[in-house]
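Note sheet for the following structure.
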Amino acid sequence: MLSGEGITLRDVVDTDLPIFFEQQREPEGVAMAAFTAKDPADRSAFEAHWAKNRADRSIVMKTIVVDGRIAGHVAAFGPPSEREVTYWLGREFWGRGLASRALAAFLLLVTERPLHARAAKDNLASLRVLQKCGFEVTGHDTGYANARAATIEEVLLTLPRR
Ligand SMILES: CC(C)(COP(=O)(O)OP(=O)(O)OC[C@H]1O[C@@H](n2cnc3c(N)ncnc32)[C@H](O)[C@@H]1OP(=O)(O)O)[C@@H](O)C(=O)NCCC(=O)NCCS
């Protein structure tokens with residue numbers, strides 16, 4: 001467990017999942033993240049996805065707790081050469097610097113470098129969070145974004161070895 005002012009990262013427990021399910025289907029978050037599940041309201045697809053990821057020992061995932069409330073989650077996944085971070089906060093927790101602080105805390109736990117990340121080109125808040133935590137833009141790509149039903153541009157970032 002790792003704490004900052006008001007923020008704790010802890011292991012994911014079963015009772016977090018219904019909250020994550022609601023958070024990852026909030027329309028504003030879905031529109032912003034863009035690269036989402038095909039149908040964020042599909043509960044069985046959500047449960048299958050989380051069961052698979054929680055069984056994968058290579059994935060590090062933490063619940064972000066803010067003043068005792070479940071604000072969201074942050075994770076690192078993928079093979080060592082392509083290890084990537086991802087995070088999601090419930091709408092009511094946005095705009096308070098929490099994602100930046102949660103990711104900074106997570107990067108003290110997950111110490112391998114380089115680490116990678118990607119965000120839709122217009123997800124300016126996420127890009128800012130990553131850059132505040134030391135990620136650098138390394139390139140651009142395009143990909144099919146379920147939430148936009150279109151191929152869109154994404155920004156690729158890396159947290160380099162220092
Ligand atoms: C992206 C997300 C994690 C941001 O969480 P947050 O707690 O609001 O982020 P923070 O408050 O730590 O930081 C956001 C930064 O972006 C800036 N920002 C927010 N909206 C912005 C915009 N439209 N344009 C430019 N900057 C913006 C904020 O000012 C802040 O920067 P600052 O600290 O320099 O002022 C949150 O909105 C979320 O979970 N969205 C849905 C899921 C998602 O997009 N996940 C990331 C997928 S790549």
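Please note that chains go A, B, ... in the order of the structure tokens, that every chain numbers its residues from 1, and that ligands are numbered from 1 in the order shown.
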Which chain A residues have any atom within 9 Å of an atom of ligand 1, and for each, what is the nearest pair of atoms with distance in Å to one decimal, counting only C-alpha atoms and all ligand atoms, rows sorted by chain and number, as CSV?
```
residue,atom,partner,partner_atom_place_in_ligand_line,distance
A:Gln23,CA,ligand 1,41 (C),8.5
A:Gln24,CA,ligand 1,42 (C),7.4
A:Glu26,CA,ligand 1,41 (C),8.5
A:Glu28,CA,ligand 1,41 (C),7.3
A:Gly29,CA,ligand 1,41 (C),3.8
A:Val30,CA,ligand 1,41 (C),6.3
A:Ala31,CA,ligand 1,41 (C),7.9
A:Met32,CA,ligand 1,44 (O),5.0
A:Ala33,CA,ligand 1,44 (O),3.6
A:Ala34,CA,ligand 1,44 (O),7.5
A:Phe35,CA,ligand 1,47 (C),7.7
A:Thr36,CA,ligand 1,47 (C),8.8
A:Gly72,CA,ligand 1,39 (O),7.5
A:His73,CA,ligand 1,39 (O),8.7
A:Val85,CA,ligand 1,48 (S),8.6
A:Thr86,CA,ligand 1,47 (C),6.1
A:Tyr87,CA,ligand 1,45 (N),5.2
A:Trp88,CA,ligand 1,39 (O),3.6
A:Leu89,CA,ligand 1,39 (O),3.7
A:Gly90,CA,ligand 1,39 (O),6.2
A:Arg91,CA,ligand 1,37 (O),6.9
A:Phe93,CA,ligand 1,7 (O),6.2
A:Trp94,CA,ligand 1,8 (O),3.4
A:Gly95,CA,ligand 1,8 (O),3.7
A:Arg96,CA,ligand 1,11 (O),4.5
A:Gly97,CA,ligand 1,11 (O),3.2
A:Leu98,CA,ligand 1,7 (O),4.1
A:Ala99,CA,ligand 1,7 (O),3.8
A:Ser100,CA,ligand 1,12 (O),3.7
A:Arg101,CA,ligand 1,12 (O),6.3
A:Ala102,CA,ligand 1,12 (O),8.0
A:Leu103,CA,ligand 1,12 (O),8.5
A:Ala117,CA,ligand 1,48 (S),7.2
A:Arg118,CA,ligand 1,48 (S),5.7
A:Ala119,CA,ligand 1,48 (S),3.9
A:Ala120,CA,ligand 1,48 (S),6.5
A:Asp122,CA,ligand 1,23 (N),8.2
A:Asn123,CA,ligand 1,44 (O),6.4
A:Leu124,CA,ligand 1,24 (N),4.7
A:Ala125,CA,ligand 1,16 (O),3.4
A:Ser126,CA,ligand 1,1 (C),3.9
A:Leu127,CA,ligand 1,16 (O),7.2
A:Arg128,CA,ligand 1,16 (O),4.7
A:Val129,CA,ligand 1,13 (O),5.0
A:Leu130,CA,ligand 1,13 (O),8.8
A:Lys132,CA,ligand 1,34 (O),7.3
```
Check your understanding: Using only C-alpha atoms, which residues sit within 8 Å of A:Pro160 once same-chain residues fewer than 6 positions away are excluded, as a ChimeraX atom specification?
Key -> /A:113-115,135-136
Members of chain A assigned strand (DSSP E or B) by DSSP, as a compact mmCIF listing (two decimals) with C-alpha atoms, in the first residue's frame:
```
# COMPACT_ATOMS: atom_id res chain seq x y z
CA LEU A 2 1.28 3.47 -0.84
CA SER A 3 -0.21 6.73 0.35
CA ILE A 7 -4.57 9.19 -1.94
CA THR A 8 -3.91 5.50 -1.36
CA LEU A 9 -3.07 2.87 -3.95
CA ARG A 10 -4.02 -0.63 -2.88
CA ASP A 11 -4.64 -4.00 -4.50
CA VAL A 60 0.12 -4.68 -11.85
CA MET A 61 -3.18 -3.01 -11.03
CA LYS A 62 -4.09 -0.77 -8.15
CA THR A 63 -7.26 0.81 -6.87
CA ILE A 64 -7.00 4.55 -6.30
CA VAL A 65 -8.65 5.41 -2.98
CA VAL A 66 -9.23 9.08 -2.17
CA ARG A 69 -13.63 6.51 -1.63
CA ILE A 70 -12.80 4.46 -4.71
CA ALA A 71 -11.74 7.04 -7.27
CA GLY A 72 -10.53 4.70 -10.03
CA HIS A 73 -7.68 2.47 -11.00
CA VAL A 74 -4.21 2.52 -12.50
CA ALA A 75 -2.37 -0.40 -14.11
CA ALA A 76 0.74 -1.52 -15.98
CA PHE A 77 0.51 -4.34 -18.49
CA GLU A 84 2.32 0.29 -20.81
CA VAL A 85 0.39 2.24 -18.16
CA THR A 86 -3.31 2.99 -18.13
CA TYR A 87 -5.66 4.68 -15.66
CA TRP A 88 -9.25 5.72 -15.23
CA LEU A 89 -10.94 7.98 -12.70
CA LEU A 115 7.35 2.48 -19.65
CA HIS A 116 4.98 3.38 -22.42
CA ALA A 117 1.57 5.02 -22.70
CA ARG A 118 -0.82 6.10 -25.40
CA ALA A 119 -3.70 8.53 -25.47
CA ALA A 120 -6.13 9.84 -28.06
CA GLU A 136 7.82 12.16 -23.40
CA VAL A 137 6.06 12.09 -26.75
CA THR A 138 7.79 9.59 -29.00
CA GLY A 139 5.41 9.32 -31.92
CA HIS A 140 1.93 9.13 -33.32
CA ASP A 141 -0.25 6.31 -34.55
CA THR A 142 -3.78 5.73 -35.70
CA GLY A 143 -6.16 3.16 -34.34
CA TYR A 144 -9.79 2.22 -34.35
CA ALA A 145 -11.53 3.86 -31.38
CA ALA A 150 -13.75 5.76 -36.24
CA THR A 151 -10.04 5.51 -36.78
CA ILE A 152 -8.41 8.37 -34.89
CA GLU A 153 -4.96 9.65 -34.09
CA GLU A 154 -3.21 8.73 -30.89
CA VAL A 155 -0.08 10.01 -29.25
CA LEU A 156 2.60 7.54 -28.11
CA LEU A 157 4.67 8.40 -25.05
CA THR A 158 7.55 6.87 -23.15
CA LEU A 159 8.92 7.31 -19.67
```
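Coordinates place atom CA of A:Gly78 at a distance of 7.2 Å from atom CA of A:Ile59.
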Point to revise | All helix (DSSP H, G or I) residues (DSSP, backbone) inside stretch 15-138 of chain A, as a PyMOL selection string | key: chain A and resi 15-23+27-33+43-55+80-82+91-93+98-109+124-132
Revision key, fill the gap. Counting only C-alpha atoms, closest pick from A:Lys121, A:Arg148, A:Arg57, A:Lys52 relative to A:Pro27 is A:Arg148
Practice item. Write out as a list in words each polymer residue whose atoms come within 12 Å of A:Ala48, counting only C-alpha atoms; drop sequence neighbours fewer than 5 positions from it. Key: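 That gives Leu17, Phe21, Ala37, Asp42, Arg43, Asn53, Arg54 and Ala55 of chain A.
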Review point. What is the atom CA of A:Phe46 to atom CA of A:Val110 distance in Å?
Key: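 Separation of atom CA of A:Phe46 and atom CA of A:Val110: 24.8 Å.
Between atom CA of A:Val13 and atom CA of A:Asp39 lies a distance of 23.3 Å.
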Check your understanding: Which residue, A:Asp16, A:Arg25, A:Lys38, A:Arg83, has the smallest gap to A:Trp50 when you use only C-alpha atoms?
Key ->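 When distances to A:Trp50 are compared using only C-alpha atoms, the smallest one comes from A:Asp16.
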Practice item. Pick out the closest residue to A:Asn146 from this set: A:Gly68, A:Pro40, A:Ile19, A:Asp14. Count only C-alpha atoms. Key: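 Smallest distance to A:Asn146 is found for A:Pro40.
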